[in-house]
Amino acid sequence: MRKRNESVTVEHERAAAAPAPLDKGCSLRHSLRLPAADTGMKRPLGRRHGLWFRLRRLIIWLLGVYIAIPFLVKLCPAIQAKLVFLNFVRVPYFIDLKRPQDQGLNHTCNYYLQPEEDVTIGVWHTVPAALWKNARGKDQLWFEDALGSSHPVILYLHGNAGTSSLGYHVVTFDYRGWGDSVGSPSERGMTYDALHVFDWIKARSGDNPVYIWGHSLGTGVATNLVRRLCERETPPEALILESPFTNIREEARSHPFSVIYRYFPGFDWFFLDPITTSGIKFANDENVKYISCSLLILHAEDDPVVPFHLGKKLYNIAATSRSFRDYKVQFVPFHTDLGYRHKYIYRSPELPRILREFLGIPEHEHHH
């Protein structure tokens with residue numbers, strides 16, 4: 001081993017001592033540098049090639065997913081129904097809905113009603129500000145009796161991603177399949193839940209006026225409900241629609257989720273037809289033709305979820321409908337600069353005045 005090392009050293013020294021052959025027009029220094037320069041170039045080239053290969057693989061994979069999703073939605077319409085209802089989204093999540101007082105709502109009571117067999121819905125009833133002090137620590141019977149006090153009642157129908165005062169009783173509930181309500185969501189079921197709660201309120205509120213207020217997807221439930229109430233000749237005193245759409249197909253086409261597929265060939269067939277197949281229509285534009293009560297529409301110009309033009313289009317349909325010829329129809333826009341977007345119209349300091357004037361309630365009867 002030792003001898004072999006010595007011989008290698010001697011050969012190395014000889015090679016170093018011997019002059020290197022020179023090519024024409026080329027120096028020794030230049031010939032010695034070539035191998036080092038060549039190696040240095042290969043490394044970045046190889047690295048670049050590997051990066052491009054990985055990037056190309058990622059692009060192909062994303063393209064495959066992009067193309068596969070429309071077929072998946074078409075083959076399984078239940079996926080599209082889930083995206084319409086979004087009842088699996090619960091914000092905020094860690095809330096005990098049985099205890100509204102934990103959220104500082106000492107003037108709110110939690111009930112459970114049963115519209116149908118195997119369906120239970122959770123209801124929150126908030127009393128008017130004038131009754132807040134008396135409401136602390138009271139049971140369900142006290143709250144139910146309070147509905148008969150001389151205050152109007154708002155039945156509030158919420159949108160599709162979240163669980164929900166002025167001088168009114170406010171009764172809101174989670175449709176079947178939302179929050180802690182039991183059952184599977186459907187347009188028919190949600191409308192029936194709303195009808196059941198309306199009848200429950202009317203049985204306890206005496207001659208007090210009842211207003212129906214729908215927000216976002218809740219506007220579809222609200223017009224379904226009010227159309228049905230008008231057909232049976234028990235209309236509410238007024239209908240308030242906040243951030244409404246014309247129908248679910250037009251809303252789905254305009255929704256932010258649909259942006260990346262809006263120009264996909266066969267968009268309607270892949271994405272909108274499955275909604276109809278699932279029995280989901282929420283046809284506000286058709287319903288308003290059969291509604292006979294005062295109508296107020298509130299919409300923010302900067303709404304990114306339900307475009308402002310859909311609310312305005314619905315107003316134009318209602319305003320020219322024969323069913324409203326004896327009733328007030330009003331549209332109130334909220335300027336983009338206010339930043340109310342899809343769900344913050346309630347922050348408007350003008351809202352109490354708008355409601356008071358629309359509903360014809362004298363100022364001294366209105367409590368914040």
# chains A, B, ... in the order shown; residues from 1 in each chain; ligands from 1
call {"tool": "select_by_dssp", "arguments": {"residues": "region 69-248 of chain A", "states": "helix (DSSP H, G or I)", "output": "ChimeraX atom specification"}}
result
/A:69-75,77-85,100-103,129-135,140-146,187-205,217-231,248
call {"tool": "residues_around", "arguments": {"residues": "Ser294 (chain A)", "least_positions_apart": "6", "cutoff": "8 Å", "atoms": "only C-alpha atoms", "output": "ChimeraX atom specification"}}
result
/A:237-239,324,327-329
call {"tool": "write_last_selection", "arguments": {"atoms": "N, CA, C and O atoms", "output": "short mmCIF file (atom, residue, chain, number, x, y, z; two decimals), in the first residue's frame"}}
result
data_model
loop_
_atom_site.label_atom_id
_atom_site.label_comp_id
_atom_site.auth_asym_id
_atom_site.auth_seq_id
_atom_site.Cartn_x
_atom_site.Cartn_y
_atom_site.Cartn_z
N GLU A 237 -96.80 41.00 7.03
CA GLU A 237 -97.00 42.44 6.84
C GLU A 237 -96.01 43.00 5.80
O GLU A 237 -96.31 43.96 5.11
N ALA A 238 -94.81 42.40 5.72
CA ALA A 238 -93.82 42.86 4.73
C ALA A 238 -92.75 41.79 4.54
O ALA A 238 -92.54 40.93 5.39
N LEU A 239 -92.09 41.89 3.38
CA LEU A 239 -90.98 41.00 3.04
C LEU A 239 -89.74 41.86 2.80
O LEU A 239 -89.78 42.82 2.02
N PHE A 324 -97.94 43.33 -7.10
CA PHE A 324 -97.50 44.39 -6.17
C PHE A 324 -98.20 45.73 -6.43
O PHE A 324 -97.81 46.73 -5.84
N TYR A 327 -99.13 47.56 -3.38
CA TYR A 327 -98.16 47.49 -2.27
C TYR A 327 -96.89 48.26 -2.61
O TYR A 327 -96.55 48.46 -3.77
N LYS A 328 -96.19 48.65 -1.55
CA LYS A 328 -94.95 49.40 -1.71
C LYS A 328 -93.82 48.44 -2.12
O LYS A 328 -93.64 47.38 -1.51
N VAL A 329 -93.05 48.82 -3.15
CA VAL A 329 -91.86 48.07 -3.55
C VAL A 329 -90.70 49.06 -3.57
O VAL A 329 -90.75 50.06 -4.29
#
call {"tool": "select_by_dssp", "arguments": {"residues": "region 191-232 of chain A", "states": "strand (DSSP E or B)", "output": "list in words"}}
result
Val210, Tyr211, Ile212, Trp213, Gly214 and His215 of chain A
